[in-house]
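Enquirer: I am sharing structure12.pdb, which consists of PDB, C-alpha atoms and all ligand atoms:
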```pdb
ATOM      1  CA  MET F 568     -55.687 126.519 -62.383
ATOM      2  CA  SER F 569     -52.296 125.172 -61.304
ATOM      3  CA  ILE F 570     -49.080 127.127 -61.904
ATOM      4  CA  ASP F 571     -47.337 126.010 -65.103
ATOM      5  CA  VAL F 572     -44.535 128.537 -65.591
ATOM      6  CA  ALA F 573     -41.368 129.387 -63.641
ATOM      7  CA  VAL F 574     -39.129 132.457 -63.916
ATOM      8  CA  ILE F 575     -35.495 131.850 -63.033
ATOM      9  CA  PRO F 576     -33.394 135.045 -62.771
ATOM     10  CA  ALA F 577     -29.771 134.147 -63.536
ATOM     11  CA  ALA F 578     -28.259 137.307 -65.002
ATOM     12  CA  GLY F 579     -26.436 138.701 -61.950
ATOM     13  CA  ARG F 580     -22.808 139.757 -62.190
ATOM     14  CA  GLY F 581     -21.552 137.020 -59.884
ATOM     15  CA  THR F 582     -18.795 139.206 -58.439
ATOM     16  CA  ARG F 583     -18.540 137.074 -55.305
ATOM     17  CA  MET F 584     -17.534 134.124 -57.490
ATOM     18  CA  ARG F 585     -14.667 135.850 -59.304
ATOM     19  CA  PRO F 586     -12.423 134.740 -60.928
ATOM     20  CA  ALA F 587     -14.614 131.730 -61.843
ATOM     21  CA  THR F 588     -17.232 134.064 -63.365
ATOM     22  CA  ARG F 589     -14.838 136.182 -65.479
ATOM     23  CA  VAL F 590     -15.926 134.204 -68.555
ATOM     24  CA  VAL F 591     -18.335 131.498 -67.354
ATOM     25  CA  PRO F 592     -21.726 132.820 -66.148
ATOM     26  CA  LYS F 593     -22.475 132.005 -62.492
ATOM     27  CA  ALA F 594     -25.550 129.994 -63.467
ATOM     28  CA  LEU F 595     -23.342 127.649 -65.501
ATOM     29  CA  LEU F 596     -20.828 126.896 -62.748
ATOM     30  CA  THR F 597     -20.807 123.189 -61.999
ATOM     31  CA  VAL F 598     -22.171 121.701 -58.795
ATOM     32  CA  ILE F 599     -21.074 118.027 -58.827
ATOM     33  CA  ASP F 600     -22.046 117.103 -62.418
ATOM     34  CA  ARG F 601     -24.426 119.776 -63.682
ATOM     35  CA  PRO F 602     -24.648 123.562 -63.831
ATOM     36  CA  ALA F 603     -26.432 125.376 -61.003
ATOM     37  CA  ILE F 604     -29.214 126.483 -63.352
ATOM     38  CA  GLN F 605     -30.145 122.867 -64.085
ATOM     39  CA  TYR F 606     -31.008 122.236 -60.418
ATOM     40  CA  ALA F 607     -33.485 125.130 -60.562
ATOM     41  CA  VAL F 608     -35.092 123.884 -63.788
ATOM     42  CA  GLU F 609     -35.348 120.360 -62.322
ATOM     43  CA  GLU F 610     -37.008 121.774 -59.192
ATOM     44  CA  ALA F 611     -39.509 123.754 -61.284
ATOM     45  CA  ALA F 612     -40.300 120.628 -63.318
ATOM     46  CA  ARG F 613     -40.904 118.623 -60.121
ATOM     47  CA  ALA F 614     -43.460 121.282 -59.097
ATOM     48  CA  GLY F 615     -45.319 120.809 -62.383
ATOM     49  CA  ALA F 616     -43.991 123.751 -64.427
ATOM     50  CA  LYS F 617     -44.101 123.136 -68.183
ATOM     51  CA  GLU F 618     -42.102 126.214 -69.047
ATOM     52  CA  ALA F 619     -38.985 127.764 -67.454
ATOM     53  CA  VAL F 620     -38.162 131.334 -68.461
ATOM     54  CA  VAL F 621     -34.475 131.749 -67.616
ATOM     55  CA  VAL F 622     -33.275 135.359 -67.427
ATOM     56  CA  VAL F 623     -29.639 135.501 -68.549
ATOM     57  CA  ASP F 624     -27.102 138.074 -69.670
ATOM     58  CA  LEU F 625     -26.171 138.561 -73.333
ATOM     59  CA  ASP F 626     -23.229 136.125 -73.236
ATOM     60  CA  ALA F 627     -25.083 133.313 -71.470
ATOM     61  CA  GLY F 628     -28.233 133.214 -73.609
ATOM     62  CA  HIS F 629     -27.077 130.800 -76.294
ATOM     63  CA  LEU F 630     -25.051 128.671 -73.846
ATOM     64  CA  VAL F 631     -28.076 128.107 -71.601
ATOM     65  CA  ALA F 632     -30.278 127.367 -74.615
ATOM     66  CA  GLN F 633     -27.724 124.853 -75.914
ATOM     67  CA  HIS F 634     -27.273 123.197 -72.549
ATOM     68  CA  PHE F 635     -30.958 122.343 -72.364
ATOM     69  CA  SER F 636     -31.575 121.478 -76.019
ATOM     70  CA  LEU F 637     -28.404 119.851 -77.421
ATOM     71  CA  ASP F 638     -29.167 116.273 -78.534
ATOM     72  CA  GLY F 639     -32.746 116.564 -77.245
ATOM     73  CA  ALA F 640     -34.040 117.168 -73.748
ATOM     74  CA  LEU F 641     -32.037 116.237 -70.668
ATOM     75  CA  PRO F 642     -33.265 113.165 -68.754
ATOM     76  CA  GLY F 643     -36.149 114.132 -66.448
ATOM     77  CA  LEU F 644     -36.689 117.430 -68.265
ATOM     78  CA  GLU F 645     -38.647 116.135 -71.247
ATOM     79  CA  ASP F 646     -41.842 117.887 -70.079
ATOM     80  CA  ILE F 647     -40.450 121.365 -69.449
ATOM     81  CA  GLN F 648     -39.484 123.873 -72.104
ATOM     82  CA  VAL F 649     -36.536 126.140 -71.239
ATOM     83  CA  ARG F 650     -36.811 129.609 -72.775
ATOM     84  CA  PRO F 651     -33.927 132.042 -72.205
ATOM     85  CA  VAL F 652     -34.642 135.774 -72.134
ATOM     86  CA  VAL F 653     -31.853 138.348 -72.063
ATOM     87  CA  GLN F 654     -31.396 141.055 -69.414
ATOM     88  CA  GLU F 655     -28.987 143.338 -71.254
ATOM     89  CA  GLU F 656     -27.786 145.148 -68.155
ATOM     90  CA  ALA F 657     -27.730 143.851 -64.560
ATOM     91  CA  LEU F 658     -30.069 146.536 -63.174
ATOM     92  CA  GLY F 659     -31.266 144.414 -60.261
ATOM     93  CA  LEU F 660     -33.316 141.332 -59.405
ATOM     94  CA  GLY F 661     -36.630 143.187 -59.784
ATOM     95  CA  HIS F 662     -35.599 144.303 -63.261
ATOM     96  CA  ALA F 663     -34.553 140.735 -64.165
ATOM     97  CA  VAL F 664     -38.004 139.411 -63.190
ATOM     98  CA  SER F 665     -39.717 142.148 -65.210
ATOM     99  CA  GLU F 666     -37.778 141.042 -68.324
ATOM    100  CA  ALA F 667     -39.818 137.805 -68.242
ATOM    101  CA  ALA F 668     -43.169 139.649 -68.375
ATOM    102  CA  HIS F 669     -43.836 139.171 -72.091
ATOM    103  CA  MET F 670     -43.188 135.413 -71.839
ATOM    104  CA  VAL F 671     -45.369 134.922 -68.747
ATOM    105  CA  GLY F 672     -48.289 137.170 -69.668
ATOM    106  CA  ASP F 673     -51.198 137.101 -67.235
ATOM    107  CA  ARG F 674     -50.253 133.827 -65.538
ATOM    108  CA  SER F 675     -49.174 133.441 -61.903
ATOM    109  CA  PHE F 676     -45.683 131.992 -61.771
ATOM    110  CA  PHE F 677     -43.031 130.360 -59.619
ATOM    111  CA  CYS F 678     -39.843 132.383 -59.220
ATOM    112  CA  LEU F 679     -36.571 130.648 -58.270
ATOM    113  CA  LEU F 680     -33.136 132.194 -57.768
ATOM    114  CA  SER F 681     -30.691 129.829 -59.406
ATOM    115  CA  ASP F 682     -27.890 130.466 -56.937
ATOM    116  CA  ASN F 683     -29.966 128.816 -54.216
ATOM    117  CA  ILE F 684     -30.399 125.041 -54.500
ATOM    118  CA  VAL F 685     -32.985 123.203 -52.403
ATOM    119  CA  ARG F 686     -31.735 120.413 -50.168
ATOM    120  CA  PRO F 687     -32.632 116.970 -51.510
ATOM    121  CA  GLY F 688     -36.154 116.046 -50.384
ATOM    122  CA  HIS F 689     -36.977 119.582 -49.214
ATOM    123  CA  ASP F 690     -38.817 121.115 -52.170
ATOM    124  CA  VAL F 691     -41.039 124.069 -51.223
ATOM    125  CA  LEU F 692     -42.660 125.130 -54.513
ATOM    126  CA  ALA F 693     -45.663 122.814 -54.130
ATOM    127  CA  SER F 694     -46.373 124.294 -50.665
ATOM    128  CA  LEU F 695     -46.025 127.830 -52.034
ATOM    129  CA  GLY F 696     -48.367 126.911 -54.887
ATOM    130  CA  SER F 697     -51.072 125.525 -52.609
ATOM    131  CA  GLY F 698     -50.675 128.515 -50.232
ATOM    132  CA  SER F 699     -51.293 130.798 -53.196
ATOM    133  CA  ARG F 700     -54.713 129.196 -53.705
ATOM    134  CA  ASP F 701     -53.719 128.172 -57.216
ATOM    135  CA  GLY F 702     -52.094 131.488 -57.981
ATOM    136  CA  ALA F 703     -54.688 133.886 -56.528
ATOM    137  CA  VAL F 704     -52.229 135.561 -54.108
ATOM    138  CA  SER F 705     -48.434 135.884 -53.984
ATOM    139  CA  VAL F 706     -46.551 133.677 -51.501
ATOM    140  CA  MET F 707     -42.991 134.203 -50.311
ATOM    141  CA  CYS F 708     -40.732 131.460 -48.960
ATOM    142  CA  LEU F 709     -39.271 132.609 -45.629
ATOM    143  CA  ARG F 710     -36.636 131.498 -43.175
ATOM    144  CA  GLU F 711     -35.888 132.723 -39.653
ATOM    145  CA  LEU F 712     -32.631 134.636 -39.816
ATOM    146  CA  SER F 713     -29.946 135.211 -37.228
ATOM    147  CA  ASP F 714     -28.765 138.810 -36.593
ATOM    148  CA  GLU F 715     -25.922 138.818 -39.132
ATOM    149  CA  PHE F 716     -28.258 137.911 -42.011
ATOM    150  CA  LEU F 717     -30.775 140.704 -41.319
ATOM    151  CA  SER F 718     -28.494 143.091 -43.209
ATOM    152  CA  ARG F 719     -28.051 140.715 -46.162
ATOM    153  CA  TYR F 720     -31.621 139.646 -46.994
ATOM    154  CA  GLY F 721     -35.015 141.178 -47.628
ATOM    155  CA  VAL F 722     -37.042 140.928 -44.400
ATOM    156  CA  VAL F 723     -40.862 140.768 -44.282
ATOM    157  CA  ILE F 724     -43.456 142.629 -42.191
ATOM    158  CA  PRO F 725     -45.809 140.048 -40.599
ATOM    159  CA  ASP F 726     -49.527 140.806 -40.481
ATOM    160  CA  SER F 727     -50.740 137.691 -38.648
ATOM    161  CA  ASP F 728     -49.486 134.751 -36.595
ATOM    162  CA  VAL F 729     -48.027 131.695 -38.316
ATOM    163  CA  VAL F 730     -50.719 129.041 -38.785
ATOM    164  CA  ASP F 731     -49.738 125.720 -40.370
ATOM    165  CA  GLY F 732     -46.578 127.371 -41.695
ATOM    166  CA  PHE F 733     -48.370 130.305 -43.392
ATOM    167  CA  LEU F 734     -48.858 133.935 -42.362
ATOM    168  CA  ASP F 735     -50.229 137.116 -43.912
ATOM    169  CA  LEU F 736     -47.679 139.770 -44.763
ATOM    170  CA  ALA F 737     -47.963 143.568 -44.875
ATOM    171  CA  GLY F 738     -44.793 144.039 -46.943
ATOM    172  CA  ALA F 739     -41.005 143.704 -46.929
ATOM    173  CA  VAL F 740     -37.856 145.777 -46.461
ATOM    174  CA  GLU F 741     -34.564 145.165 -48.288
ATOM    175  CA  LYS F 742     -31.525 144.494 -46.052
ATOM    176  CA  PRO F 743     -32.834 146.406 -42.980
ATOM    177  CA  GLY F 744     -30.173 145.325 -40.459
ATOM    178  CA  VAL F 745     -30.886 144.281 -36.855
ATOM    179  CA  LYS F 746     -32.206 147.632 -35.588
ATOM    180  CA  ALA F 747     -34.707 148.306 -38.383
ATOM    181  CA  ALA F 748     -35.768 144.702 -39.055
ATOM    182  CA  PRO F 749     -39.586 144.330 -38.843
ATOM    183  CA  SER F 750     -39.215 140.583 -38.076
ATOM    184  CA  ARG F 751     -36.691 137.761 -38.351
ATOM    185  CA  PHE F 752     -38.318 136.249 -41.431
ATOM    186  CA  GLY F 753     -36.098 136.647 -44.491
ATOM    187  CA  LEU F 754     -36.930 136.154 -48.176
ATOM    188  CA  VAL F 755     -34.935 133.153 -49.355
ATOM    189  CA  GLY F 756     -35.257 132.941 -53.116
ATOM    190  CA  ARG F 757     -38.438 130.952 -53.789
ATOM    191  CA  TYR F 758     -41.711 132.717 -54.571
ATOM    192  CA  VAL F 759     -45.109 132.491 -56.211
ATOM    193  CA  PHE F 760     -46.132 135.769 -57.831
ATOM    194  CA  THR F 761     -49.415 136.872 -59.305
ATOM    195  CA  PRO F 762     -48.928 138.709 -62.633
ATOM    196  CA  GLU F 763     -49.701 142.066 -60.982
ATOM    197  CA  VAL F 764     -46.059 142.076 -59.849
ATOM    198  CA  PHE F 765     -45.078 142.987 -63.438
ATOM    199  CA  SER F 766     -47.114 146.217 -63.489
ATOM    200  CA  ILE F 767     -45.730 147.057 -60.022
ATOM    201  CA  LEU F 768     -42.143 146.452 -61.193
ATOM    202  CA  GLU F 769     -42.704 148.715 -64.196
ATOM    203  CA  LYS F 770     -43.261 151.583 -61.754
ATOM    204  CA  THR F 771     -40.556 150.590 -59.246
ATOM    205  CA  SER F 772     -37.603 153.008 -59.052
ATOM    206  CA  PRO F 773     -34.070 151.898 -58.168
ATOM    207  CA  GLY F 774     -33.729 151.237 -54.424
ATOM    208  CA  VAL F 775     -30.949 149.839 -52.208
ATOM    209  CA  GLY F 776     -27.641 149.717 -54.128
ATOM    210  CA  GLY F 777     -29.168 151.650 -57.040
ATOM    211  CA  GLU F 778     -30.828 148.420 -58.245
ATOM    212  CA  ILE F 779     -34.489 147.775 -59.054
ATOM    213  CA  GLN F 780     -35.312 145.642 -56.043
ATOM    214  CA  LEU F 781     -37.796 142.773 -56.097
ATOM    215  CA  THR F 782     -38.312 143.457 -52.369
ATOM    216  CA  ASP F 783     -39.773 146.905 -53.180
ATOM    217  CA  ALA F 784     -42.389 145.270 -55.431
ATOM    218  CA  ILE F 785     -43.108 142.758 -52.640
ATOM    219  CA  GLN F 786     -43.678 145.721 -50.301
ATOM    220  CA  GLU F 787     -46.313 147.068 -52.726
ATOM    221  CA  LEU F 788     -48.039 143.657 -52.950
ATOM    222  CA  GLY F 789     -48.197 143.678 -49.136
ATOM    223  CA  LYS F 790     -49.770 147.155 -49.110
ATOM    224  CA  ARG F 791     -52.471 145.828 -51.428
ATOM    225  CA  GLY F 792     -53.179 143.002 -48.925
ATOM    226  CA  ARG F 793     -52.300 140.292 -51.417
ATOM    227  CA  LEU F 794     -49.226 138.750 -49.842
ATOM    228  CA  ARG F 795     -48.584 135.646 -47.768
ATOM    229  CA  GLY F 796     -45.485 133.961 -46.390
ATOM    230  CA  TYR F 797     -44.546 130.315 -45.927
ATOM    231  CA  VAL F 798     -41.974 129.508 -43.264
ATOM    232  CA  ALA F 799     -39.733 126.759 -44.632
ATOM    233  CA  GLY F 800     -38.059 124.421 -42.171
ATOM    234  CA  GLU F 801     -34.803 124.123 -44.085
ATOM    235  CA  SER F 802     -32.379 126.697 -45.444
ATOM    236  CA  LEU F 803     -31.416 126.547 -49.111
ATOM    237  CA  LEU F 804     -27.889 125.871 -50.308
ATOM    238  CA  ASP F 805     -26.273 129.116 -51.514
ATOM    239  CA  VAL F 806     -23.952 128.512 -54.463
ATOM    240  CA  GLY F 807     -23.344 132.239 -55.045
ATOM    241  CA  THR F 808     -20.208 132.313 -52.876
ATOM    242  CA  PRO F 809     -17.102 130.055 -52.820
ATOM    243  CA  GLU F 810     -17.854 128.864 -49.261
ATOM    244  CA  GLY F 811     -21.497 128.186 -50.097
ATOM    245  CA  LEU F 812     -20.574 126.299 -53.262
ATOM    246  CA  LEU F 813     -18.201 124.099 -51.251
ATOM    247  CA  ILE F 814     -20.885 123.326 -48.635
ATOM    248  CA  ALA F 815     -23.497 122.664 -51.341
ATOM    249  CA  SER F 816     -21.154 120.287 -53.173
ATOM    250  CA  TYR F 817     -20.505 118.433 -49.907
ATOM    251  CA  GLU F 818     -24.185 118.155 -48.932
ATOM    252  CA  LEU F 819     -25.408 117.200 -52.398
ATOM    253  CA  GLY F 820     -22.461 114.784 -52.690
ATOM    254  CA  LEU F 821     -23.396 113.154 -49.371
ATOM    255  CA  ASP F 822     -26.918 112.669 -50.681
ATOM    256  CA  ARG F 823     -25.749 111.355 -54.059
ATOM    257  CA  TYR F 824     -22.852 109.084 -53.035
ATOM    258  CA  GLY F 825     -23.353 108.449 -49.311
ATOM    259  CA  PRO F 826     -20.998 109.235 -46.397
ATOM    260  CA  GLU F 827     -18.538 106.492 -47.401
ATOM    261  CA  LEU F 828     -17.216 108.760 -50.180
ATOM    262  CA  PHE F 829     -15.733 111.068 -47.560
ATOM    263  CA  GLU F 830     -14.245 108.383 -45.301
TER     264      GLU F 830
HETATM  265  P1  LIG O   1     -27.289 138.420 -56.242
HETATM  266  O1  LIG O   1     -27.759 139.408 -55.267
HETATM  267  O2  LIG O   1     -26.688 137.174 -55.733
HETATM  268  O3  LIG O   1     -26.296 139.173 -57.210
HETATM  269  O4  LIG O   1     -28.510 138.071 -57.194
HETATM  270  P2  LIG O   1     -25.278 138.651 -58.282
HETATM  271  O5  LIG O   1     -24.981 139.838 -59.129
HETATM  272  O6  LIG O   1     -25.766 137.441 -59.005
HETATM  273  O7  LIG O   1     -23.989 138.194 -57.487
HETATM  274  P3  LIG O   1     -22.856 139.064 -56.782
HETATM  275  O8  LIG O   1     -23.510 139.745 -55.604
HETATM  276  O9  LIG O   1     -22.308 140.033 -57.807
HETATM  277  O10 LIG O   1     -21.826 138.042 -56.378
HETATM  278  C1  LIG O   1     -29.578 137.257 -56.768
HETATM  279  C2  LIG O   1     -30.183 136.574 -57.975
HETATM  280  O11 LIG O   1     -30.695 137.548 -58.866
HETATM  281  C3  LIG O   1     -30.136 137.418 -60.163
HETATM  282  C4  LIG O   1     -28.826 136.666 -59.930
HETATM  283  O12 LIG O   1     -28.440 135.945 -61.077
HETATM  284  C5  LIG O   1     -29.181 135.759 -58.770
HETATM  285  O13 LIG O   1     -29.837 134.578 -59.217
HETATM  286  N1  LIG O   1     -29.944 138.786 -60.728
HETATM  287  C6  LIG O   1     -29.469 139.784 -59.948
HETATM  288  C7  LIG O   1     -30.279 139.008 -62.042
HETATM  289  O14 LIG O   1     -30.731 138.084 -62.769
HETATM  290  N2  LIG O   1     -30.114 140.264 -62.550
HETATM  291  C8  LIG O   1     -29.646 141.300 -61.808
HETATM  292  O15 LIG O   1     -29.537 142.425 -62.327
HETATM  293  C9  LIG O   1     -29.302 141.047 -60.471
END
```
Have the structure of the file written as structure tokens, please.
Expert:
Amino acid sequence: MSIDVAVIPAAGRGTRMRPATRVVPKALLTVIDRPAIQYAVEEAARAGAKEAVVVVDLDAGHLVAQHFSLDGALPGLEDIQVRPVVQEEALGLGHAVSEAAHMVGDRSFFCLLSDNIVRPGHDVLASLGSGSRDGAVSVMCLRELSDEFLSRYGVVIPDSDVVDGFLDLAGAVEKPGVKAAPSRFGLVGRYVFTPEVFSILEKTSPGVGGEIQLTDAIQELGKRGRLRGYVAGESLLDVGTPEGLLIASYELGLDRYGPELFE
């Protein structure tokens, strides 16, 4: 059975984007001509998802719903239903994912962080989906990180060599830093999860930063021997910081309008 639902956590505080996010939720900040969240929904639709469960904070719920439904569906998004679900308090990414449990049920699902946008032509969800053997195991999108990023990302514990881009994983550690890092492969915001992640998250206590960490649930999936990684060739565009948003606008603008725009 192919994967037909995506969970898109978008309820973070967005402190690195202040003052822009004092009133406007980070997921609704514009990148060229559409809010960041729309790129994630478009990506999920391209991978065949029919349903996008968007996890938002209390203020953003109705805005996100309106954005996707006002005057009918947006062009290209006619076949995907966007369903907001509210995370009342920003208790962490793992908690945000668990808020989607009742909408997803016992289906395997794509998970996409909306503050990372894929580069044009570099979608990874289809590869993650096929690596999951149609949702039988969880698959994490990975990128090789340089030293400075090992203290900013979740880093995985490899359990095999990389073959055709895929490897088995024994778990993951949140923001380990250079000395403690079990590898250089970082978790970059695109995943396929089996529904067992929800029961794991239910039992996950707050971790790094006092937040319920998705990485801690990934560690448990690894312990159970049901975790794989996919090493993506390209980094994603990070629109969660002012510098990243500027770079993303430039790169997506280059793709949309061509280099002559900047001459
Ligand atoms: P970040 O780690 O970027 O956190 O979240 P943030 O709160 O959004 O931003 P800063 O650090 O304050 O600037 C990674 C992803 O997880 C979602 C965010 O929306 C983002 O897509 N998230 C995080 C939630 O949905 N809920 C949370 O409680 C935390």
Enquirer: What are the centre and the three edge lengths of an axis-aligned box that wraps all atoms of ligand LIG 1 (chain O) in the file, given that 6 Å is added to every side, written as JSON and rounded to one decimal in Å?
Expert:
```
{"center_x": -26.3, "center_y": 138.5, "center_z": -59.0, "size_x": 20.9, "size_y": 19.8, "size_z": 19.5}
```
Enquirer: Selection in question (the file shown): the PyMOL selection byres (((not hetatm)) within 7 of (chain O and resi 1)). Which residues does it include, as a PyMOL selection string?
Expert: chain F and resi 576-584+622-623+656-660+662-663+680-682+807-808
Enquirer: Can I get the residues of stretch 751-796 of chain F within 10 Å of stretch 691-705 of chain F, each with the closest pair of atoms and their distance in Å to one decimal, using all atoms listed in the file, sorted chain first then ascending number, as a Markdown table?
Expert:
```
| residue | atom | partner | partner_atom | distance |
| --- | --- | --- | --- | --- |
| F:Arg757 | CA | F:Leu692 | CA | 7.2 |
| F:Tyr758 | CA | F:Leu695 | CA | 7.0 |
| F:Val759 | CA | F:Ser705 | CA | 5.2 |
| F:Phe760 | CA | F:Ser705 | CA | 4.5 |
| F:Thr761 | CA | F:Ser705 | CA | 5.5 |
| F:Pro762 | CA | F:Ser705 | CA | 9.1 |
| F:Glu763 | CA | F:Ser705 | CA | 9.4 |
| F:Val764 | CA | F:Ser705 | CA | 8.9 |
| F:Ile785 | CA | F:Ser705 | CA | 8.8 |
| F:Leu788 | CA | F:Ser705 | CA | 7.9 |
| F:Gly789 | CA | F:Ser705 | CA | 9.2 |
| F:Gly792 | CA | F:Val704 | CA | 9.1 |
| F:Arg793 | CA | F:Val704 | CA | 5.4 |
| F:Leu794 | CA | F:Ser705 | CA | 5.1 |
| F:Arg795 | CA | F:Ser705 | CA | 6.2 |
| F:Gly796 | CA | F:Leu695 | CA | 8.4 |
```
Enquirer: What's the separation between atom CA of F:Arg601 and atom CA of F:Phe677, in Å to one decimal place?
Expert: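 Between atom CA of F:Arg601 and atom CA of F:Phe677 the gap is 21.8 Å.
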Enquirer: Quick one: of F:Val671, F:Leu821, F:Ala739, F:Leu641, who's nearest to F:Val620, counting all atoms listed in the file?
Expert: F:Val671
Enquirer: Go through F:Leu630, F:Ile570, F:Leu637, F:Val591 one by one, measure the shortest atom-to-atom distance of each to F:Lys617 using only C-alpha atoms, and give the residue with the smallest value.
Expert: F:Ile570
Enquirer: Any idea what the distance is between atom CA of F:Thr771 and atom CA of F:Gly661?
Expert: 8.4 Å
Enquirer: To one decimal in Å, tell me the separation between atom CA of F:Phe676 and atom CA of F:Leu754.
Expert: 16.7 Å
Enquirer: Given the file shown, determine the residues that the PyMOL selection byres (((chain F and resi 631) around 9) and not hetatm) selects; report them as an mmCIF file with C-alpha atoms, in the coordinates of the input.
Expert:
```cif
data_model
loop_
_atom_site.group_PDB
_atom_site.id
_atom_site.type_symbol
_atom_site.label_atom_id
_atom_site.label_comp_id
_atom_site.auth_asym_id
_atom_site.auth_seq_id
_atom_site.Cartn_x
_atom_site.Cartn_y
_atom_site.Cartn_z
ATOM 1 C CA ALA F 594 -25.550 129.994 -63.467
ATOM 2 C CA LEU F 595 -23.342 127.649 -65.501
ATOM 3 C CA ILE F 604 -29.214 126.483 -63.352
ATOM 4 C CA VAL F 621 -34.475 131.749 -67.616
ATOM 5 C CA VAL F 623 -29.639 135.501 -68.549
ATOM 6 C CA ALA F 627 -25.083 133.313 -71.470
ATOM 7 C CA GLY F 628 -28.233 133.214 -73.609
ATOM 8 C CA HIS F 629 -27.077 130.800 -76.294
ATOM 9 C CA LEU F 630 -25.051 128.671 -73.846
ATOM 10 C CA ALA F 632 -30.278 127.367 -74.615
ATOM 11 C CA GLN F 633 -27.724 124.853 -75.914
ATOM 12 C CA HIS F 634 -27.273 123.197 -72.549
ATOM 13 C CA PHE F 635 -30.958 122.343 -72.364
ATOM 14 C CA SER F 636 -31.575 121.478 -76.019
ATOM 15 C CA VAL F 649 -36.536 126.140 -71.239
ATOM 16 C CA ARG F 650 -36.811 129.609 -72.775
ATOM 17 C CA PRO F 651 -33.927 132.042 -72.205
#
```
Enquirer: Using all atoms listed in the file, which residues sit within 10 Å of F:Val685 once same-chain residues fewer than 3 positions away are excluded, as number ranges by chain?
Expert: F: 606-607, 610, 681-682, 688-691, 757, 801-805, 815, 819
Enquirer: Would you write out, as a CSV table (one decimal) with C-alpha atoms, keeping the file's coordinate frame, every residue that the PyMOL selection byres (((chain F and resi 612) around 10) and not hetatm) captures in this file?
Expert:
```
chain,number,residue,atom,x,y,z
F,571,ASP,CA,-47.3,126.0,-65.1
F,572,VAL,CA,-44.5,128.5,-65.6
F,573,ALA,CA,-41.4,129.4,-63.6
F,606,TYR,CA,-31.0,122.2,-60.4
F,607,ALA,CA,-33.5,125.1,-60.6
F,608,VAL,CA,-35.1,123.9,-63.8
F,609,GLU,CA,-35.3,120.4,-62.3
F,610,GLU,CA,-37.0,121.8,-59.2
F,611,ALA,CA,-39.5,123.8,-61.3
F,613,ARG,CA,-40.9,118.6,-60.1
F,614,ALA,CA,-43.5,121.3,-59.1
F,615,GLY,CA,-45.3,120.8,-62.4
F,616,ALA,CA,-44.0,123.8,-64.4
F,617,LYS,CA,-44.1,123.1,-68.2
F,618,GLU,CA,-42.1,126.2,-69.0
F,619,ALA,CA,-39.0,127.8,-67.5
F,643,GLY,CA,-36.1,114.1,-66.4
F,644,LEU,CA,-36.7,117.4,-68.3
F,645,GLU,CA,-38.6,116.1,-71.2
F,646,ASP,CA,-41.8,117.9,-70.1
F,647,ILE,CA,-40.4,121.4,-69.4
F,648,GLN,CA,-39.5,123.9,-72.1
```
Enquirer: Of the residues F:Gln654, F:Val664, F:Pro642, F:Ser675, which is the one nearest to F:Glu769, using all atoms listed in the file?
Expert: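 Distance minimum relative to F:Glu769 lands on F:Val664.
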Enquirer: Which residue is closest to F:Ala747? Choose from F:Val653, F:Ala667, F:Leu717, F:Leu679 and count all atoms listed in the file.
Expert: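 Among the listed residues, the smallest separation from F:Ala747 belongs to F:Leu717.
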Enquirer: Need to verify the contact set: F:Tyr817, 10 Å, all atoms listed in the file, exclusion of same-chain residues closer than 3 positions in sequence. Can you return it as a VMD selection string?
Expert: chain F and resid 598 to 599 811 to 814 820 to 823 826 829
